[in-house]
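Coordinates from structure-v5.cif are shown below (mmCIF, C-alpha atoms).
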data_start
#
loop_
_atom_site.group_PDB
_atom_site.id
_atom_site.type_symbol
_atom_site.label_atom_id
_atom_site.label_comp_id
_atom_site.auth_asym_id
_atom_site.auth_seq_id
_atom_site.Cartn_x
_atom_site.Cartn_y
_atom_site.Cartn_z
ATOM 1 C CA MET A 1 177.575 108.760 170.011
ATOM 2 C CA ARG A 2 176.820 112.151 168.531
ATOM 3 C CA LEU A 3 179.198 113.269 165.757
ATOM 4 C CA SER A 4 180.612 116.699 166.508
ATOM 5 C CA TRP A 5 183.540 118.737 165.199
ATOM 6 C CA SER A 6 185.440 118.356 168.439
ATOM 7 C CA ASN A 7 185.191 114.561 168.197
ATOM 8 C CA VAL A 8 186.305 114.546 164.567
ATOM 9 C CA VAL A 9 189.237 116.876 165.272
ATOM 10 C CA SER A 10 190.235 114.779 168.276
ATOM 11 C CA ALA A 11 190.136 111.598 166.233
ATOM 12 C CA VAL A 12 192.291 113.121 163.476
ATOM 13 C CA LEU A 13 194.822 114.409 165.990
ATOM 14 C CA MET A 14 194.970 111.045 167.708
ATOM 15 C CA VAL A 15 195.627 109.284 164.397
ATOM 16 C CA CYS A 16 198.427 111.785 163.680
ATOM 17 C CA LEU A 17 199.881 111.115 167.104
ATOM 18 C CA VAL A 18 199.845 107.347 166.644
ATOM 19 C CA LEU A 19 201.423 107.608 163.169
ATOM 20 C CA SER A 20 204.149 109.966 164.326
ATOM 21 C CA TRP A 21 204.841 107.785 167.350
ATOM 22 C CA ALA A 22 205.229 104.782 165.061
ATOM 23 C CA ARG A 23 207.577 106.781 162.828
ATOM 24 C CA VAL A 24 209.689 107.843 165.782
ATOM 25 C CA ALA A 25 209.853 104.278 167.069
ATOM 26 C CA GLU A 26 210.877 103.087 163.608
ATOM 27 C CA GLY A 27 213.605 105.703 163.323
ATOM 28 C CA ARG A 28 214.920 105.193 166.807
ATOM 29 C CA PRO A 29 218.692 105.307 166.908
ATOM 30 C CA GLY A 30 220.047 101.889 166.062
ATOM 31 C CA PRO A 31 223.072 100.271 164.526
ATOM 32 C CA LYS A 32 222.167 101.522 161.056
ATOM 33 C CA ASN A 33 221.498 105.096 162.077
ATOM 34 C CA GLY A 34 224.831 106.788 161.328
ATOM 35 C CA LYS A 35 226.894 104.201 163.212
ATOM 36 C CA THR A 36 228.315 101.050 161.789
ATOM 37 C CA PRO A 37 227.903 97.686 163.523
ATOM 38 C CA ILE A 38 231.646 97.890 164.176
ATOM 39 C CA ASP A 39 231.132 101.102 166.153
ATOM 40 C CA GLU A 40 228.260 99.506 168.010
ATOM 41 C CA PHE A 41 230.433 96.551 168.885
ATOM 42 C CA LEU A 42 233.340 98.718 170.035
ATOM 43 C CA ARG A 43 230.968 100.682 172.283
ATOM 44 C CA MET A 44 229.936 97.529 174.134
ATOM 45 C CA SER A 45 231.431 96.711 177.498
ATOM 46 C CA PRO A 46 234.219 94.056 177.427
ATOM 47 C CA ALA A 47 231.852 91.521 179.003
ATOM 48 C CA GLU A 48 229.208 92.130 176.343
ATOM 49 C CA GLN A 49 231.816 91.915 173.588
ATOM 50 C CA GLN A 50 232.970 88.565 174.962
ATOM 51 C CA GLN A 51 229.384 87.361 175.148
ATOM 52 C CA ALA A 52 228.847 88.258 171.478
ATOM 53 C CA LEU A 53 232.158 86.747 170.350
ATOM 54 C CA ASN A 54 231.513 83.522 172.264
ATOM 55 C CA ARG A 55 228.848 82.661 169.736
ATOM 56 C CA LEU A 56 231.532 82.121 167.080
ATOM 57 C CA PRO A 57 233.782 79.066 166.631
ATOM 58 C CA PRO A 58 237.275 79.710 168.109
ATOM 59 C CA GLU A 59 239.091 80.134 164.770
ATOM 60 C CA LYS A 60 236.462 82.461 163.332
ATOM 61 C CA ARG A 61 236.438 84.405 166.538
ATOM 62 C CA ARG A 62 240.217 84.866 166.457
ATOM 63 C CA ARG A 63 240.101 86.134 162.864
ATOM 64 C CA LEU A 64 237.314 88.548 163.681
ATOM 65 C CA GLU A 65 239.212 89.910 166.678
ATOM 66 C CA GLU A 66 242.266 90.475 164.459
ATOM 67 C CA ARG A 67 240.202 92.283 161.831
ATOM 68 C CA LEU A 68 238.591 94.473 164.469
ATOM 69 C CA GLU A 69 242.001 95.268 165.855
ATOM 70 C CA ARG A 70 243.289 96.204 162.389
ATOM 71 C CA PHE A 71 240.311 98.477 161.815
ATOM 72 C CA ASN A 72 240.784 100.061 165.214
ATOM 73 C CA GLN A 73 244.428 100.795 164.438
ATOM 74 C CA LEU A 74 243.652 102.694 161.232
ATOM 75 C CA PRO A 75 244.168 106.463 161.459
ATOM 76 C CA ARG A 76 241.031 108.275 162.638
ATOM 77 C CA GLY A 77 240.594 110.099 159.332
ATOM 78 C CA GLN A 78 240.791 106.896 157.314
ATOM 79 C CA GLN A 79 238.315 105.189 159.666
ATOM 80 C CA GLN A 80 235.891 108.061 159.242
ATOM 81 C CA THR A 81 236.161 108.042 155.448
ATOM 82 C CA LEU A 82 235.526 104.298 155.367
ATOM 83 C CA ARG A 83 232.538 104.805 157.679
ATOM 84 C CA ASN A 84 231.156 107.457 155.337
ATOM 85 C CA MET A 85 231.519 105.202 152.314
ATOM 86 C CA TYR A 86 229.995 102.323 154.273
ATOM 87 C CA ASP A 87 227.042 104.544 155.208
ATOM 88 C CA ARG A 88 226.519 105.572 151.592
ATOM 89 C CA LEU A 89 226.657 101.928 150.535
ATOM 90 C CA ASN A 90 224.078 100.999 153.173
ATOM 91 C CA GLN A 91 221.798 103.849 152.234
ATOM 92 C CA LEU A 92 221.377 102.412 148.741
ATOM 93 C CA PRO A 93 218.383 100.178 147.997
ATOM 94 C CA PRO A 94 219.202 96.497 148.712
ATOM 95 C CA GLU A 95 219.476 95.528 145.043
ATOM 96 C CA ARG A 96 221.878 98.423 144.357
ATOM 97 C CA GLN A 97 223.929 97.420 147.396
ATOM 98 C CA GLN A 98 224.277 93.947 145.942
ATOM 99 C CA ALA A 99 225.297 95.358 142.566
ATOM 100 C CA VAL A 100 227.924 97.607 144.181
ATOM 101 C CA ARG A 101 229.282 94.721 146.268
ATOM 102 C CA LYS A 102 229.514 92.627 143.130
ATOM 103 C CA SER A 103 231.415 95.434 141.403
ATOM 104 C CA LEU A 104 233.738 95.784 144.407
ATOM 105 C CA ASN A 105 234.433 92.091 144.153
ATOM 106 C CA GLN A 106 235.060 92.312 140.419
ATOM 107 C CA PHE A 107 237.345 95.279 141.014
ATOM 108 C CA SER A 108 239.522 93.164 143.288
ATOM 109 C CA GLN A 109 239.805 90.512 140.556
ATOM 110 C CA GLN A 110 241.138 92.897 137.898
ATOM 111 C CA PRO A 111 244.846 93.069 137.051
ATOM 112 C CA PRO A 112 246.755 95.559 139.215
ATOM 113 C CA GLU A 113 247.276 98.087 136.388
ATOM 114 C CA ARG A 114 243.533 98.120 135.571
ATOM 115 C CA ARG A 115 242.686 98.538 139.251
ATOM 116 C CA GLN A 116 245.090 101.447 139.360
ATOM 117 C CA ALA A 117 243.478 103.025 136.275
ATOM 118 C CA MET A 118 239.992 102.745 137.782
ATOM 119 C CA ARG A 119 241.248 104.059 141.106
ATOM 120 C CA GLN A 120 242.757 107.079 139.391
ATOM 121 C CA GLU A 121 239.526 107.697 137.514
ATOM 122 C CA LEU A 122 237.509 107.586 140.728
ATOM 123 C CA ARG A 123 239.972 109.922 142.444
ATOM 124 C CA SER A 124 239.632 112.415 139.638
ATOM 125 C CA MET A 125 235.848 112.171 139.915
ATOM 126 C CA ALA A 126 235.753 112.677 143.695
ATOM 127 C CA PRO A 127 235.888 116.490 143.592
ATOM 128 C CA LEU A 128 233.220 116.705 140.859
ATOM 129 C CA ASP A 129 229.530 117.217 141.459
ATOM 130 C CA PRO A 130 227.072 114.478 140.357
ATOM 131 C CA GLN A 131 226.321 116.125 137.010
ATOM 132 C CA GLU A 132 229.993 116.517 136.199
ATOM 133 C CA ARG A 133 230.605 112.887 137.136
ATOM 134 C CA GLU A 134 227.808 111.798 134.807
ATOM 135 C CA GLY A 135 229.292 113.961 132.088
ATOM 136 C CA ARG A 136 232.688 112.408 132.617
ATOM 137 C CA MET A 137 231.294 108.842 132.454
ATOM 138 C CA ALA A 138 229.400 109.718 129.271
ATOM 139 C CA SER A 139 232.509 111.136 127.608
ATOM 140 C CA ALA A 140 234.251 109.443 124.678
ATOM 141 C CA GLU A 141 237.541 109.510 126.546
ATOM 142 C CA PHE A 142 236.051 107.536 129.424
ATOM 143 C CA ARG A 143 234.503 104.967 127.080
ATOM 144 C CA GLU A 144 237.757 104.537 125.204
ATOM 145 C CA ARG A 145 239.810 104.192 128.355
ATOM 146 C CA PHE A 146 237.686 101.506 130.027
ATOM 147 C CA SER A 147 236.010 98.309 128.930
ATOM 148 C CA GLU A 148 232.239 97.986 129.463
ATOM 149 C CA LYS A 149 232.793 95.920 132.566
ATOM 150 C CA GLU A 150 235.240 98.471 133.950
ATOM 151 C CA GLN A 151 232.860 101.287 133.096
ATOM 152 C CA ARG A 152 230.144 99.533 135.118
ATOM 153 C CA ILE A 153 232.517 99.028 138.035
ATOM 154 C CA VAL A 154 233.548 102.691 138.012
ATOM 155 C CA ARG A 155 229.916 103.788 137.724
ATOM 156 C CA ASP A 156 228.935 101.645 140.714
ATOM 157 C CA MET A 157 231.927 102.812 142.748
ATOM 158 C CA SER A 158 231.213 106.461 141.974
ATOM 159 C CA GLY A 159 227.992 106.120 143.992
ATOM 160 C CA LEU A 160 230.154 105.718 147.101
ATOM 161 C CA LEU A 161 232.024 108.970 146.602
ATOM 162 C CA PRO A 162 230.918 111.902 148.749
ATOM 163 C CA VAL A 163 228.276 114.089 147.093
ATOM 164 C CA ARG A 164 229.623 117.562 146.482
ATOM 165 C CA MET B 165 144.916 159.062 206.229
ATOM 166 C CA GLY B 166 148.327 160.733 205.967
ATOM 167 C CA CYS B 167 150.843 159.816 203.207
ATOM 168 C CA PRO B 168 152.423 156.480 204.207
ATOM 169 C CA ILE B 169 155.638 157.065 202.184
ATOM 170 C CA GLY B 170 158.354 158.113 204.562
ATOM 171 C CA ASP B 171 156.447 156.847 207.597
ATOM 172 C CA ASP B 172 157.862 153.943 209.490
ATOM 173 C CA GLY B 173 156.221 150.884 207.906
ATOM 174 C CA GLY B 174 154.492 152.983 205.298
ATOM 175 C CA ASP B 175 156.129 151.186 202.351
ATOM 176 C CA GLU B 176 154.997 147.863 203.754
ATOM 177 C CA LEU B 177 151.432 149.153 203.764
ATOM 178 C CA ILE B 178 151.602 149.684 200.009
ATOM 179 C CA LEU B 179 153.339 146.320 199.518
ATOM 180 C CA ALA B 180 150.540 144.651 201.485
ATOM 181 C CA TYR B 181 147.998 146.500 199.357
ATOM 182 C CA GLY B 182 149.652 145.046 196.236
ATOM 183 C CA ALA B 183 149.577 141.589 197.817
ATOM 184 C CA ARG B 184 145.910 142.111 198.746
ATOM 185 C CA THR B 185 146.519 141.283 202.345
ATOM 186 C CA LEU B 186 145.242 144.541 203.863
ATOM 187 C CA ALA B 187 142.186 144.603 206.086
ATOM 188 C CA PRO B 188 139.141 145.918 204.168
ATOM 189 C CA GLN B 189 139.047 149.091 206.258
ATOM 190 C CA GLN B 190 142.743 149.841 205.622
ATOM 191 C CA GLN B 191 142.297 149.101 201.921
ATOM 192 C CA VAL B 192 139.442 151.604 201.599
ATOM 193 C CA GLU B 193 141.441 154.276 203.420
ATOM 194 C CA LEU B 194 144.529 153.681 201.263
ATOM 195 C CA GLU B 195 142.543 153.788 198.018
ATOM 196 C CA ARG B 196 141.070 157.076 199.106
ATOM 197 C CA HIS B 197 144.574 158.383 199.721
ATOM 198 C CA LEU B 198 145.859 157.112 196.360
ATOM 199 C CA GLU B 199 143.301 159.335 194.568
ATOM 200 C CA SER B 200 145.092 162.385 195.856
ATOM 201 C CA CYS B 201 148.792 161.203 196.155
ATOM 202 C CA ALA B 202 150.732 160.684 192.940
ATOM 203 C CA SER B 203 153.806 159.153 194.666
ATOM 204 C CA CYS B 204 151.801 156.489 196.459
ATOM 205 C CA ARG B 205 149.734 155.859 193.337
ATOM 206 C CA GLU B 206 152.926 155.314 191.324
ATOM 207 C CA MET B 207 154.311 152.886 193.891
ATOM 208 C CA ALA B 208 151.044 150.962 194.103
ATOM 209 C CA GLU B 209 150.933 150.776 190.305
ATOM 210 C CA ALA B 210 154.447 149.292 190.224
ATOM 211 C CA GLN B 211 153.401 146.746 192.833
ATOM 212 C CA ARG B 212 150.349 145.828 190.809
ATOM 213 C CA THR B 213 152.576 145.205 187.740
ATOM 214 C CA VAL B 214 154.804 142.873 189.771
ATOM 215 C CA TRP B 215 151.855 140.927 191.087
ATOM 216 C CA SER B 216 150.300 140.681 187.623
ATOM 217 C CA ALA B 217 153.545 139.179 186.310
ATOM 218 C CA LEU B 218 153.673 136.722 189.206
ATOM 219 C CA ASP B 219 150.062 135.742 188.571
ATOM 220 C CA ALA B 220 150.882 135.019 184.908
ATOM 221 C CA TRP B 221 153.885 132.789 185.803
ATOM 222 C CA SER B 222 153.174 129.094 186.067
ATOM 223 C CA PRO B 223 155.844 126.930 187.727
ATOM 224 C CA ALA B 224 157.244 123.887 185.907
ATOM 225 C CA THR B 225 155.587 120.649 186.916
ATOM 226 C CA VAL B 226 157.721 118.480 189.133
ATOM 227 C CA SER B 227 157.793 114.724 188.629
ATOM 228 C CA TRP B 228 156.098 112.630 191.298
ATOM 229 C CA ASN B 229 159.410 111.133 192.501
ATOM 230 C CA PHE B 230 161.429 114.358 192.358
ATOM 231 C CA ASP B 231 162.239 114.369 196.073
ATOM 232 C CA GLU B 232 163.269 110.735 196.072
ATOM 233 C CA ARG B 233 165.613 111.260 193.124
ATOM 234 C CA LEU B 234 167.063 114.408 194.607
ATOM 235 C CA PHE B 235 167.896 112.717 197.915
ATOM 236 C CA ARG B 236 169.405 109.718 196.102
ATOM 237 C CA ARG B 237 171.614 112.042 194.082
ATOM 238 C CA ILE B 238 172.758 113.852 197.206
ATOM 239 C CA GLU B 239 173.586 110.514 198.772
ATOM 240 C CA ASN B 240 175.555 109.429 195.689
ATOM 241 C CA GLU B 241 177.448 112.704 195.673
ATOM 242 C CA GLU B 242 178.518 112.139 199.259
ATOM 243 C CA GLN B 243 179.775 108.631 198.436
ATOM 244 C CA LYS B 244 181.882 109.733 195.417
ATOM 245 C CA ALA B 245 185.639 109.131 195.336
ATOM 246 C CA TRP B 246 187.594 111.901 197.000
ATOM 247 C CA TRP B 247 189.341 112.929 193.777
ATOM 248 C CA ARG B 248 186.063 113.371 191.945
ATOM 249 C CA ARG B 249 184.810 115.612 194.706
ATOM 250 C CA LEU B 250 187.852 117.835 194.092
ATOM 251 C CA LEU B 251 186.773 118.443 190.499
ATOM 252 C CA PRO B 252 184.422 121.324 189.853
ATOM 253 C CA VAL B 253 180.733 120.377 189.822
ATOM 254 C CA SER B 254 180.449 121.374 186.162
ATOM 255 C CA TRP B 255 183.462 119.263 185.093
ATOM 256 C CA SER B 256 182.971 117.402 181.838
ATOM 257 C CA TRP B 257 185.314 115.259 179.773
ATOM 258 C CA ARG B 258 183.909 116.516 176.486
ATOM 259 C CA PRO B 259 185.719 119.879 176.290
ATOM 260 C CA ALA B 260 188.844 118.281 177.747
ATOM 261 C CA VAL B 261 189.216 115.801 174.881
ATOM 262 C CA PRO B 262 190.170 118.311 172.131
ATOM 263 C CA VAL B 263 192.547 120.050 174.531
ATOM 264 C CA ALA B 264 194.192 116.726 175.350
ATOM 265 C CA ALA B 265 194.376 115.879 171.652
ATOM 266 C CA ALA B 266 196.008 119.229 170.892
ATOM 267 C CA CYS B 267 198.575 118.586 173.645
ATOM 268 C CA ALA B 268 199.187 115.134 172.190
ATOM 269 C CA ALA B 269 199.753 116.647 168.745
ATOM 270 C CA LEU B 270 202.279 119.073 170.230
ATOM 271 C CA ILE B 271 204.119 116.233 171.927
ATOM 272 C CA ALA B 272 204.107 114.355 168.611
ATOM 273 C CA ALA B 273 205.646 117.380 166.896
ATOM 274 C CA PHE B 274 208.388 117.513 169.521
ATOM 275 C CA LEU B 275 208.960 113.786 169.128
ATOM 276 C CA LEU B 276 209.425 114.138 165.404
ATOM 277 C CA LYS B 277 211.653 117.165 165.783
ATOM 278 C CA SER B 278 214.007 115.679 168.362
ATOM 279 C CA PRO B 279 213.309 112.029 169.175
ATOM 280 C CA ALA B 280 216.578 111.839 171.071
ATOM 281 C CA LEU B 281 214.964 113.935 173.804
ATOM 282 C CA PHE B 282 212.465 111.194 174.472
ATOM 283 C CA PHE B 283 214.500 108.177 173.441
ATOM 284 C CA PRO B 284 218.027 108.882 174.565
ATOM 285 C CA GLU B 285 220.390 106.437 172.935
ATOM 286 C CA THR B 286 221.736 104.140 175.578
ATOM 287 C CA SER B 287 224.068 101.252 175.186
ATOM 288 C CA SER B 288 221.447 98.805 176.439
ATOM 289 C CA ASP B 289 219.090 100.039 173.714
ATOM 290 C CA SER B 290 221.115 98.855 170.751
ATOM 291 C CA GLN B 291 223.279 96.104 172.110
ATOM 292 C CA PRO B 292 220.813 93.233 172.170
ATOM 293 C CA LYS B 293 219.930 93.988 168.544
ATOM 294 C CA LEU B 294 223.517 93.725 167.348
ATOM 295 C CA GLU B 295 224.440 90.354 165.912
ATOM 296 C CA ILE B 296 228.100 89.469 165.625
ATOM 297 C CA GLU B 297 227.441 88.513 161.991
ATOM 298 C CA GLN B 298 226.548 92.159 161.311
ATOM 299 C CA VAL B 299 230.009 93.138 162.563
ATOM 300 C CA GLU B 300 231.568 90.556 160.244
ATOM 301 C CA HIS B 301 229.608 91.835 157.245
ATOM 302 C CA ALA B 302 230.535 95.411 158.059
ATOM 303 C CA LEU B 303 234.200 94.416 158.212
ATOM 304 C CA ASP B 304 233.825 92.650 154.846
ATOM 305 C CA ASP B 305 232.387 95.829 153.363
ATOM 306 C CA MET B 306 235.098 97.966 154.968
ATOM 307 C CA ASP B 307 237.819 95.690 153.575
ATOM 308 C CA MET B 308 236.329 95.899 150.083
ATOM 309 C CA LEU B 309 236.031 99.671 150.336
ATOM 310 C CA LYS B 310 239.562 99.941 151.665
ATOM 311 C CA GLN B 311 241.023 98.132 148.633
ATOM 312 C CA LEU B 312 239.588 100.917 146.474
ATOM 313 C CA GLY B 313 242.193 103.173 148.051
ATOM 314 C CA LEU B 314 239.933 106.191 147.718
ATOM 315 C CA GLU B 315 240.185 107.441 151.269
ATOM 316 C CA SER B 316 242.394 110.426 150.476
ATOM 317 C CA ALA B 317 240.316 111.390 147.421
ATOM 318 C CA ALA B 318 237.065 110.994 149.365
ATOM 319 C CA ASP B 319 238.483 113.040 152.231
ATOM 320 C CA LYS B 320 239.454 115.774 149.836
ATOM 321 C CA ALA B 321 236.025 115.787 148.181
ATOM 322 C CA GLN B 322 234.324 115.794 151.588
ATOM 323 C CA THR B 323 236.399 118.749 152.688
ATOM 324 C CA MET B 324 235.665 120.633 149.475
ATOM 325 C CA GLY B 325 231.988 119.828 149.854
ATOM 326 C CA LYS B 326 231.993 121.350 153.334
ATOM 327 C CA ILE B 327 233.726 124.463 152.027
#
Using structure tokens, write down the structure from this file.
Amino acid sequence: MRLSWSNVVSAVLMVCLVLSWARVAEGRPGPKNGKTPIDEFLRMSPAEQQQALNRLPPEKRRRLEERLERFNQLPRGQQQTLRNMYDRLNQLPPERQQAVRKSLNQFSQQPPERRQAMRQELRSMAPLDPQEREGRMASAEFRERFSEKEQRIVRDMSGLLPVR
Amino acid sequence: MGCPIGDDGGDELILAYGARTLAPQQQVELERHLESCASCREMAEAQRTVWSALDAWSPATVSWNFDERLFRRIENEEQKAWWRRLLPVSWSWRPAVPVAAACAALIAAFLLKSPALFFPETSSDSQPKLEIEQVEHALDDMDMLKQLGLESAADKAQTMGKI
């Protein structure tokens, strides 16, 4: 086959097409694309929901149905905020996700007054931009107020706050 | 001999002279006339130039089986699929390939810009992929996030971010 410009250009364009097609297929809307698995589940038809739930043992299934019901009964605004935080958590690299989950778990194990202190700190950080948050976490006041473990928990949690 | 130009068949007399098909007697008479008639002489000269050029031209040699190949090709043409007969005789895939590639690149650009146009999200698209364990894990995450009690603060920050 004779090599000509038209053949070369065609080949390059075809490669571009194949690559872009693969990228589109990869990014096709799915459960992780802006919608949580809970949303996906709630969008299923009742028959499909039953089919999915039937795979669980009866007790586990009952608990899951109750949890779904509780989530569904939350006010719309609260649901949306939780979705946003969930999305930010799931957008982190897998190892960071694990670290944040670990911190969330450690948070729940702290005494109530320490949880409240960390919660207040995170609330005060929410309106700040990322640089200001970093500045706050580097401040002497912050380091005096929280133990190293608490500082790490707050740092991990701050990654879930909306970016201003 | 009178001037043949303007006479009925006079031009053909000069054309025949150029082609050297005149009878000897007619040729002698015409040459005698040409000595005294500039118009006829000019026309005869032009004819002579044409014939000289034709004499210098040598036709391309034709292969020994030219006729056979020609008739076979005609036969093949008649037996072609109907859709190929609709295409122009000079149709070739070669120029069409870059055009097709350019169209493909355009489609790719549209795909990247708005994949939803080509892959509308339907319930049947995502449902089989969803495992019930994913729902459980999401609920676990939601419960952990909920205990942070940051919803109001996050809402406020989100609103301020939008402003």
- So how many Å separate CA of Gln79 in chain A and CA of Phe107 in chain A, to one decimal?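 Rounded to one decimal, the two atoms are 21.1 Å apart.
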- Provide the CA of Ser216 in chain B to CA of Leu198 in chain B distance in Å, to one decimal place.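 Value for the CA of Ser216 in chain B-CA of Leu198 in chain B distance: 19.1 Å.
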- Item | Hits from the PyMOL selection byres ((chain A and resi 103) around 8), listed as a PyMOL selection string | chain A and resi 99-102+104-107+152-153+156-157
- Task: With a distance cut-off of 9 Å and all atoms listed in the file, select the neighbouring residues of range 297-306 of chain B, excluding the residue or stretch itself and same-chain residues fewer than 5 positions from it, and output the selection as JSON, numbers by chain.
- Result: {"A": [36, 37, 38, 39, 40, 41, 64, 67, 68, 71, 82, 83, 85, 86, 89, 101], "B": [311]}
- Query: Of the residues B:Glu232, B:Glu195, B:Glu206, B:Asp307, which is the one nearest to chain A, using all atoms listed in the file?
  - Reply: B:Asp307
- May I ask for the distance between CA of Ala47 in chain A and CA of Asn72 in chain A, given in Å to one decimal place?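 Computing it gives 18.5 Å between the two atoms.
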- Could you write out as an MDAnalysis selection string the residues that the PyMOL selection byres ((chain A and resi 124) around 12) matches in the shown file? (chainID A and resid 117:123 125:129 132:133 136:137 142 154 158 161) or (chainID B and resid 314 316:318 320:321)
- Item | Who sits within 10 Å of Gln49 in chain A, only C-alpha atoms, same chain under 6 positions skipped, as a ChimeraX atom specification | /A:41-43 /B:291,296
Just need the box for range 85-98 of chain A, edges along x, y and z, holding every atom the file lists for it with 8 Å tacked onto each side, so centre and edge lengths in Å to one decimal, as lines of an AutoDock Vina configuration file.
center_x = 225.0
center_y = 99.8
center_z = 149.8
size_x = 29.1
size_y = 27.6
size_z = 26.9
- Query: If you apply the PyMOL selection byres ((chain B and resi 181-192) around 10) to this file, what residues do you get, as a PyMOL selection string?
  - Reply: chain B and resi 165+175-180+193-198+207-216
Pop range 121-160 of chain A out of the structure in the block and write C-alpha atoms as an mmCIF file, in the first residue's frame.
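part08.cif written:
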data_model
loop_
_atom_site.group_PDB
_atom_site.id
_atom_site.type_symbol
_atom_site.label_atom_id
_atom_site.label_comp_id
_atom_site.auth_asym_id
_atom_site.auth_seq_id
_atom_site.Cartn_x
_atom_site.Cartn_y
_atom_site.Cartn_z
ATOM 1 C CA GLU A 121 -14.404 23.551 64.288
ATOM 2 C CA LEU A 122 -15.579 22.018 61.021
ATOM 3 C CA ARG A 123 -18.643 24.271 60.976
ATOM 4 C CA SER A 124 -16.464 27.317 61.398
ATOM 5 C CA MET A 125 -14.250 26.093 58.560
ATOM 6 C CA ALA A 126 -17.130 25.431 56.147
ATOM 7 C CA PRO A 127 -17.428 29.019 54.884
ATOM 8 C CA LEU A 128 -13.649 29.374 54.408
ATOM 9 C CA ASP A 129 -11.801 28.777 51.173
ATOM 10 C CA PRO A 130 -9.180 25.973 51.021
ATOM 11 C CA GLN A 131 -6.261 28.295 51.766
ATOM 12 C CA GLU A 132 -8.005 29.785 54.771
ATOM 13 C CA ARG A 133 -8.834 26.301 56.038
ATOM 14 C CA GLU A 134 -5.183 25.300 55.722
ATOM 15 C CA GLY A 135 -4.208 28.457 57.553
ATOM 16 C CA ARG A 136 -6.655 27.688 60.317
ATOM 17 C CA MET A 137 -5.369 24.101 60.717
ATOM 18 C CA ALA A 138 -1.788 25.385 60.819
ATOM 19 C CA SER A 139 -2.599 27.938 63.515
ATOM 20 C CA ALA A 140 -1.329 27.653 67.092
ATOM 21 C CA GLU A 141 -4.862 27.964 68.411
ATOM 22 C CA PHE A 142 -5.971 24.934 66.415
ATOM 23 C CA ARG A 143 -2.990 22.870 67.575
ATOM 24 C CA GLU A 144 -3.588 23.811 71.187
ATOM 25 C CA ARG A 145 -7.287 23.065 71.023
ATOM 26 C CA PHE A 146 -7.011 19.576 69.515
ATOM 27 C CA SER A 147 -4.857 16.535 70.104
ATOM 28 C CA GLU A 148 -2.842 15.166 67.159
ATOM 29 C CA LYS A 149 -5.417 12.480 66.566
ATOM 30 C CA GLU A 150 -8.233 15.026 66.619
ATOM 31 C CA GLN A 151 -6.279 17.305 64.314
ATOM 32 C CA ARG A 152 -5.967 14.431 61.825
ATOM 33 C CA ILE A 153 -9.678 13.683 62.088
ATOM 34 C CA VAL A 154 -10.598 17.327 61.492
ATOM 35 C CA ARG A 155 -8.149 17.547 58.588
ATOM 36 C CA ASP A 156 -9.656 14.451 56.963
ATOM 37 C CA MET A 157 -13.210 15.658 57.561
ATOM 38 C CA SER A 158 -12.441 19.087 56.119
ATOM 39 C CA GLY A 159 -11.914 17.399 52.737
ATOM 40 C CA LEU A 160 -15.645 16.639 52.698
#
